[in-house]
>>> print(open('final_2.txt').read())   # compact mmCIF, C-alpha atoms and all ligand atoms
# COMPACT_ATOMS: atom_id res chain seq x y z
CA MET A 881 -109.12 43.36 49.70
CA ILE A 882 -108.60 47.04 50.10
CA LEU A 883 -110.03 48.50 53.28
CA THR A 884 -110.34 52.20 53.83
CA ARG A 885 -109.01 53.41 57.14
CA ARG A 886 -112.53 53.95 58.37
CA GLN A 887 -113.70 50.50 57.36
CA ALA A 888 -110.64 49.01 59.03
CA LEU A 889 -111.47 50.82 62.23
CA VAL A 890 -115.11 49.85 62.15
CA THR A 891 -114.05 46.26 61.61
CA ALA A 892 -111.51 46.44 64.40
CA ALA A 893 -114.15 47.86 66.68
CA GLY A 894 -116.18 44.76 65.97
CA GLY A 895 -113.25 42.63 67.05
CA LEU A 896 -112.88 41.03 63.62
CA LEU A 897 -109.55 42.39 62.49
CA ALA A 898 -106.96 39.87 63.60
CA GLY A 899 -103.97 42.10 62.97
CA CYS A 900 -104.90 44.89 65.30
CA ASP A 901 -102.93 45.53 68.45
CA ARG A 902 -104.41 43.44 71.17
CA VAL A 903 -103.69 44.11 74.79
CA ALA A 904 -104.68 41.29 77.09
CA SER A 905 -106.48 42.53 80.19
CA SER A 906 -104.21 40.43 82.37
CA ASP A 907 -101.23 42.42 81.06
CA ILE A 908 -103.03 45.61 81.86
CA GLY A 909 -103.92 44.48 85.34
CA GLN A 910 -100.32 43.58 86.01
CA ARG A 911 -98.97 46.75 84.54
CA VAL A 912 -101.33 48.87 86.58
CA LEU A 913 -100.75 46.93 89.79
CA SER A 914 -97.00 46.96 89.46
CA SER A 915 -96.92 50.73 89.09
CA ALA A 916 -96.15 52.83 92.13
CA GLU A 917 -99.48 53.88 93.54
CA ASP A 918 -100.87 54.94 96.86
CA GLY A 919 -102.10 52.30 99.27
CA HIS A 920 -105.71 53.30 98.95
CA ARG A 921 -105.91 52.35 95.31
CA ILE A 922 -104.11 49.06 95.86
CA LEU A 923 -106.40 48.27 98.81
CA GLN A 924 -109.44 49.17 96.72
CA ARG A 925 -108.32 46.78 94.02
CA GLY A 926 -107.74 44.06 96.54
CA LEU A 927 -111.25 44.36 97.96
CA THR A 928 -113.38 44.83 94.88
CA ASP A 929 -113.58 43.25 91.49
CA ARG A 930 -112.98 46.20 89.25
CA THR A 931 -114.17 44.28 86.20
CA ALA A 932 -117.64 43.47 87.63
CA LEU A 933 -120.55 45.01 85.76
CA ALA A 934 -122.59 47.89 87.13
CA PRO A 935 -126.28 47.01 87.54
CA GLU A 936 -128.41 47.45 84.44
CA PHE A 937 -132.10 48.30 84.51
CA ARG A 938 -135.28 47.76 82.53
CA ALA A 939 -136.53 50.35 80.06
CA ASP A 940 -139.50 51.19 82.30
CA GLN A 941 -137.16 52.00 85.19
CA ARG A 942 -135.65 54.95 83.35
CA SER A 943 -135.96 58.44 84.79
CA PRO A 944 -138.53 60.47 82.88
CA PHE A 945 -135.95 63.25 82.58
CA PHE A 946 -132.18 62.84 82.76
CA ARG A 947 -131.19 65.84 84.79
CA PRO A 948 -128.16 67.71 83.39
CA ASN A 949 -125.47 68.87 85.78
CA GLY A 950 -122.33 71.00 85.62
CA THR A 951 -121.96 72.54 82.19
CA ARG A 952 -125.29 72.50 80.33
CA ASN A 953 -123.86 74.18 77.23
CA PRO A 954 -120.14 74.86 76.62
CA ASN A 955 -121.27 77.96 74.72
CA THR A 956 -117.88 78.76 73.17
CA PRO A 957 -117.72 80.13 69.61
CA ASP A 958 -116.20 76.85 68.35
CA TYR A 959 -118.78 74.69 70.11
CA ASN A 960 -121.68 76.83 68.96
CA ALA A 961 -120.46 76.73 65.36
CA SER A 962 -120.13 72.96 65.51
CA ALA A 963 -123.56 72.58 67.14
CA ALA A 964 -125.10 74.78 64.43
CA ASN A 965 -123.67 72.31 61.92
CA ARG A 966 -125.07 69.33 63.84
CA PHE A 967 -121.48 68.50 64.90
CA ALA A 968 -120.58 67.29 61.37
CA ASP A 969 -117.03 68.59 61.92
CA TRP A 970 -116.65 67.23 65.50
CA ARG A 971 -113.59 65.09 66.04
CA VAL A 972 -112.51 62.85 68.87
CA ARG A 973 -108.74 62.67 68.69
CA ILE A 974 -107.02 59.68 70.26
CA ASP A 975 -103.39 60.54 70.87
CA GLY A 976 -100.56 60.63 73.40
CA LEU A 977 -98.93 57.26 74.07
CA VAL A 978 -100.48 55.42 71.13
CA ARG A 979 -98.80 53.94 68.09
CA ARG A 980 -101.53 55.08 65.70
CA PRO A 981 -103.22 58.38 66.60
CA LEU A 982 -106.82 58.52 65.44
CA ASP A 983 -109.12 61.33 64.44
CA LEU A 984 -112.66 60.02 64.74
CA SER A 985 -115.64 61.82 63.28
CA LEU A 986 -119.15 61.30 64.59
CA ALA A 987 -119.85 59.30 61.44
CA ASP A 988 -116.97 57.01 62.41
CA LEU A 989 -118.28 56.60 65.96
CA ARG A 990 -121.82 55.95 64.75
CA ALA A 991 -120.63 53.37 62.24
CA MET A 992 -118.95 51.27 64.93
CA PRO A 993 -120.75 48.44 66.71
CA ALA A 994 -122.47 50.00 69.70
CA ARG A 995 -123.31 48.84 73.19
CA THR A 996 -126.58 49.92 74.79
CA GLN A 997 -126.94 49.93 78.55
CA ILE A 998 -129.51 51.25 81.01
CA THR A 999 -127.62 52.35 84.09
CA ARG A 1000 -127.93 54.56 87.13
CA HIS A 1001 -125.86 57.72 87.25
CA ASP A 1002 -124.92 58.82 90.78
CA CYS A 1003 -123.82 62.40 91.34
CA VAL A 1004 -121.98 63.33 94.55
CA GLU A 1005 -124.32 66.28 94.86
CA GLY A 1006 -127.00 63.83 95.96
CA TRP A 1007 -129.11 62.88 92.96
CA SER A 1008 -129.31 59.88 90.65
CA ALA A 1009 -130.89 59.24 87.27
CA ILE A 1010 -131.39 56.11 85.20
CA GLY A 1011 -130.80 56.44 81.48
CA LYS A 1012 -130.23 54.34 78.39
CA TRP A 1013 -126.87 55.00 76.78
CA THR A 1014 -125.61 53.88 73.37
CA GLY A 1015 -122.16 54.11 71.82
CA PRO A 1016 -119.06 52.13 70.89
CA ARG A 1017 -116.96 50.53 73.58
CA LEU A 1018 -113.71 52.31 74.26
CA LYS A 1019 -111.68 49.08 74.34
CA PRO A 1020 -111.58 48.23 70.62
CA ILE A 1021 -110.89 51.86 69.77
CA LEU A 1022 -107.87 51.82 72.07
CA GLU A 1023 -106.75 48.50 70.64
CA PHE A 1024 -106.92 49.96 67.17
CA ALA A 1025 -104.93 53.01 68.25
CA GLY A 1026 -102.40 50.67 69.87
CA LEU A 1027 -101.65 51.81 73.41
CA ARG A 1028 -97.95 51.91 74.09
CA ASP A 1029 -96.54 49.91 77.01
CA ASP A 1030 -95.97 53.02 79.09
CA ALA A 1031 -99.61 54.19 78.84
CA ARG A 1032 -101.37 53.94 82.23
CA TYR A 1033 -104.17 56.51 82.16
CA LEU A 1034 -106.52 58.09 79.67
CA VAL A 1035 -107.21 61.78 79.91
CA PHE A 1036 -110.53 63.03 78.49
CA HIS A 1037 -110.32 66.60 77.25
CA CYS A 1038 -113.69 68.37 77.06
CA ALA A 1039 -114.96 71.37 75.12
CA ASP A 1040 -116.26 73.32 78.13
CA VAL A 1041 -114.40 75.74 80.37
CA LEU A 1042 -115.55 76.26 83.96
CA GLY A 1043 -114.20 79.24 85.89
CA GLY A 1044 -111.35 79.60 83.39
CA ARG A 1045 -110.32 75.93 83.54
CA PRO A 1046 -111.10 73.36 80.88
CA TYR A 1047 -113.09 70.40 82.19
CA TYR A 1048 -111.17 67.14 81.99
CA GLU A 1049 -111.19 63.75 83.62
CA SER A 1050 -109.04 60.64 83.64
CA ILE A 1051 -109.44 56.92 84.21
CA ASP A 1052 -107.04 53.99 84.45
CA LEU A 1053 -106.83 51.12 81.98
CA ILE A 1054 -109.04 48.81 84.04
CA ASP A 1055 -111.93 51.24 83.64
CA ALA A 1056 -110.93 52.05 80.05
CA PHE A 1057 -111.22 48.37 79.08
CA HIS A 1058 -114.32 47.68 81.22
CA PRO A 1059 -117.19 46.25 79.10
CA GLN A 1060 -119.55 49.10 80.07
CA THR A 1061 -117.12 51.91 79.26
CA ILE A 1062 -118.48 53.51 76.10
CA LEU A 1063 -118.37 56.75 74.13
CA ALA A 1064 -122.07 57.51 74.22
CA TRP A 1065 -123.65 59.47 71.40
CA MET A 1066 -127.26 58.50 72.18
CA LEU A 1067 -129.34 58.91 75.33
CA ASN A 1068 -132.73 57.21 75.55
CA ASP A 1069 -132.72 56.35 71.82
CA ARG A 1070 -132.14 59.93 70.68
CA LEU A 1071 -129.01 61.80 69.68
CA LEU A 1072 -127.32 63.05 72.83
CA GLY A 1073 -128.48 66.61 73.53
CA VAL A 1074 -126.29 69.56 74.43
CA PRO A 1075 -127.20 69.57 78.17
CA ASN A 1076 -126.03 65.95 78.57
CA GLY A 1077 -122.76 66.26 76.63
CA ALA A 1078 -123.41 66.41 72.88
CA PRO A 1079 -122.17 65.09 70.64
CA VAL A 1080 -120.27 62.47 72.64
CA ARG A 1081 -119.56 61.75 76.29
CA LEU A 1082 -117.91 59.10 78.35
CA ARG A 1083 -119.91 56.52 80.29
CA VAL A 1084 -117.74 54.78 82.84
CA GLU A 1085 -120.38 52.99 84.83
CA ARG A 1086 -118.39 51.87 87.88
CA GLN A 1087 -117.56 55.50 88.74
CA LEU A 1088 -119.42 58.49 90.18
CA GLY A 1089 -120.95 61.14 87.94
CA TYR A 1090 -118.10 63.61 87.72
CA LYS A 1091 -115.87 61.01 86.02
CA HIS A 1092 -118.31 60.81 83.05
CA ALA A 1093 -116.72 63.49 80.85
CA LYS A 1094 -119.15 65.29 78.54
CA TYR A 1095 -118.28 67.11 75.26
CA VAL A 1096 -115.26 64.83 74.66
CA GLN A 1097 -112.84 66.14 72.04
CA ARG A 1098 -109.64 64.35 72.79
CA ILE A 1099 -108.57 61.18 74.59
CA GLU A 1100 -104.91 61.31 75.52
CA ALA A 1101 -102.99 58.27 76.75
CA VAL A 1102 -100.44 59.23 79.38
CA ALA A 1103 -97.96 57.52 81.69
CA SER A 1104 -98.66 59.83 84.62
CA LEU A 1105 -101.23 62.44 85.62
CA ASP A 1106 -98.57 64.66 87.19
CA GLY A 1107 -98.11 67.09 84.33
CA VAL A 1108 -101.76 67.21 83.34
CA PHE A 1109 -103.58 70.44 84.34
CA GLY A 1110 -103.56 70.58 88.17
CA GLY A 1111 -102.07 67.08 88.42
CA LYS A 1112 -104.93 65.47 90.38
CA GLY A 1113 -106.49 63.76 87.36
CA GLY A 1114 -109.67 65.77 86.91
CA TYR A 1115 -111.37 69.14 87.08
CA TRP A 1116 -113.11 68.53 90.40
CA GLU A 1117 -110.09 66.69 91.79
CA ASP A 1118 -107.98 69.80 91.06
CA VAL A 1119 -110.40 72.49 92.22
CA ALA A 1120 -112.29 70.83 95.07
CA GLY A 1121 -110.22 67.86 96.20
CA TYR A 1122 -112.65 65.20 94.97
CA GLU A 1123 -111.17 61.69 94.99
CA TRP A 1124 -109.58 60.64 91.71
CA TYR A 1125 -110.85 57.12 92.31
CA ALA A 1126 -114.63 57.45 92.53
CA GLY A 1127 -115.56 53.80 92.21
CA ILE A 1128 -119.08 52.62 92.99
N1 LIG B 1 -117.37 68.32 80.32
C1 LIG B 1 -118.04 68.14 81.46
N2 LIG B 1 -118.30 66.89 81.86
C2 LIG B 1 -118.98 66.69 83.01
C3 LIG B 1 -119.40 67.77 83.83
C4 LIG B 1 -119.13 69.07 83.36
O1 LIG B 1 -119.49 70.09 83.99
N3 LIG B 1 -118.44 69.22 82.18
N4 LIG B 1 -120.08 67.51 85.01
C5 LIG B 1 -119.92 66.17 85.59
C6 LIG B 1 -120.87 65.86 86.65
S1 LIG B 1 -120.54 66.45 88.22
C7 LIG B 1 -121.92 65.02 86.46
S2 LIG B 1 -122.93 64.52 87.72
C8 LIG B 1 -122.25 64.56 85.11
C9 LIG B 1 -123.64 65.05 84.74
O2 LIG B 1 -124.04 64.50 83.52
P1 LIG B 1 -125.42 65.00 82.94
O3 LIG B 1 -125.27 66.48 82.68
O4 LIG B 1 -125.68 64.21 81.72
O5 LIG B 1 -126.44 64.76 84.02
O6 LIG B 1 -121.36 65.01 84.10
C10 LIG B 1 -120.03 65.09 84.52
N5 LIG B 1 -119.24 65.41 83.37
MO MO B 2 -121.85 65.23 89.65
>>> encode(input="final_2.txt", output="structure tokens")
Amino acid sequence: MILTRRQALVTAAGGLLAGCDRVASSDIGQRVLSSAEDGHRILQRGLTDRTALAPEFRADQRSPFFRPNGTRNPNTPDYNASAANRFADWRVRIDGLVRRPLDLSLADLRAMPARTQITRHDCVEGWSAIGKWTGPRLKPILEFAGLRDDARYLVFHCADVLGGRPYYESIDLIDAFHPQTILAWMLNDRLLGVPNGAPVRLRVERQLGYKHAKYVQRIEAVASLDGVFGGKGGYWEDVAGYEWYAGI
């Protein structure tokens, strides 16, 4: 049987391809825990079950309007050109410490098995909204790309620039492999709109709002956050001292 690369990926995303690179979550937990980290993170892990699900809600509990925050439109020439073309040329590149770098189109992402979840988004600025998100889980995509043993974090590179700095965020492998961590391309049963991160944004439901990177163009696996932008693991972490670990 001859599979195209895209079919192989779609199949792998469904968990059916036996030959793909599997990473057991217990390995990941050990790898992350054995790394040198500050006491706060280790304490946090000791006190909470990082793999527990965030609460999910009923359809009628959704907010009538999902308030956008931060960048509402990246408004760069490249983004505007892509938006004008309904993001047909948008790519999410998976690279860094992976054995098989991927270049995923929106068609690829939409062809993968999707998870739908109705969750509450909590912004540190003091508002929340409940929305229904749909998109493929990050885990099988990472398994298909084949994370290398030295990969510890994923850096999400976004298309928007705020005050001269590109927006970015990062998460560890526990959140990356969490069942509710998805690359959402739909909000409330419609294609994700520009204000909320079109064409694709991260949902990482056990974390506060600023971790949910919008306008995702590249997911880079790294061993350390030290050399990445300001070194604190995210835009707001770098510019305003927000906590890198924003678990809820
Ligand atoms: N690329 C990008 N992602 C981002 C932001 C941003 O400004 N740019 N803002 C963050 C913040 S603070 C919040 S609360 C949420 C807001 O998501 P929403 O616009 O869908 O409400 O996106 C997060 N992700
Ligand atoms: Mo936020």
>>> residues_near_ligand(input="final_2.txt", ligand="ligand MO 2 (chain B)", cutoff="10 Å", atoms="all atoms listed in the file", output="number ranges by chain")
A: 948-950, 1001-1008, 1088-1092, 1116
>>> closest_residue(input="final_2.txt", among="A:Lys1112, A:Arg1045, A:Lys1094, A:Lys1019", to="ligand LIG 1 (chain B)", atoms="all atoms listed in the file")
A:Lys1094
>>> closest_residue(input="final_2.txt", among="A:Leu977, A:Leu986, A:Thr1014, A:Arg930", to="Ala1126 in chain A", atoms="all atoms listed in the file")
A:Arg930
>>> residues_near_point(input="final_2.txt", point="(-139.5, 51.2, 83.9)", cutoff="12 Å", atoms="only C-alpha atoms", output="list in words")
Glu936, Phe937, Arg938, Ala939, Asp940, Gln941, Arg942, Ser943, Pro944, Ile998, Thr999, Ile1010, Gly1011 and Lys1012 of chain A
>>> atom_distance(input="final_2.txt", atom1="CA of Asp929 in chain A", atom2="CA of Val1096 in chain A")
27.4 Å
>>> atom_distance(input="final_2.txt", atom1="CA of Asp1069 in chain A", atom2="CA of His1037 in chain A")
25.2 Å
>>> residues_around(input="final_2.txt", residues="Glu1049 in chain A", least_positions_apart="4", cutoff="7 Å", atoms="all atoms listed in the file", output="list in words")
Val1035, Phe1036, Lys1091, Ala1093, Gly1113, Gly1114 and Tyr1115 of chain A
>>> write_last_selection(input="final_2.txt", atoms="C-alpha atoms", output="tab-separated table (two decimals), in the frame of the given file")
chain	number	residue	atom	x	y	z
A	1035	VAL	CA	-107.21	61.78	79.91
A	1036	PHE	CA	-110.53	63.03	78.49
A	1091	LYS	CA	-115.87	61.01	86.02
A	1093	ALA	CA	-116.72	63.49	80.85
A	1113	GLY	CA	-106.49	63.76	87.36
A	1114	GLY	CA	-109.67	65.77	86.91
A	1115	TYR	CA	-111.37	69.14	87.08
>>> closest_residue(input="final_2.txt", among="A:Arg971, A:Gly1044, A:Gln1087, A:Tyr1095", to="Val1074 in chain A", atoms="only C-alpha atoms")
A:Tyr1095
>>> atom_distance(input="final_2.txt", atom1="CA of Leu1105 in chain A", atom2="CA of Gly1127 in chain A")
18.0 Å
>>> closest_residue(input="final_2.txt", among="A:Arg973, A:Arg995, A:Arg1017, A:Arg990", to="Gln1097 in chain A", atoms="only C-alpha atoms")
A:Arg973
>>> closest_residue(input="final_2.txt", among="A:Gly1121, A:Gly976, A:Gly1026, A:Gly1015", to="Leu989 in chain A", atoms="all atoms listed in the file")
A:Gly1015
>>> closest_residue(input="final_2.txt", among="A:Ile1128, A:Ile1051, A:Leu1042, A:Leu1071", to="ligand LIG 1 (chain B)", atoms="only C-alpha atoms and all ligand atoms")
A:Leu1042
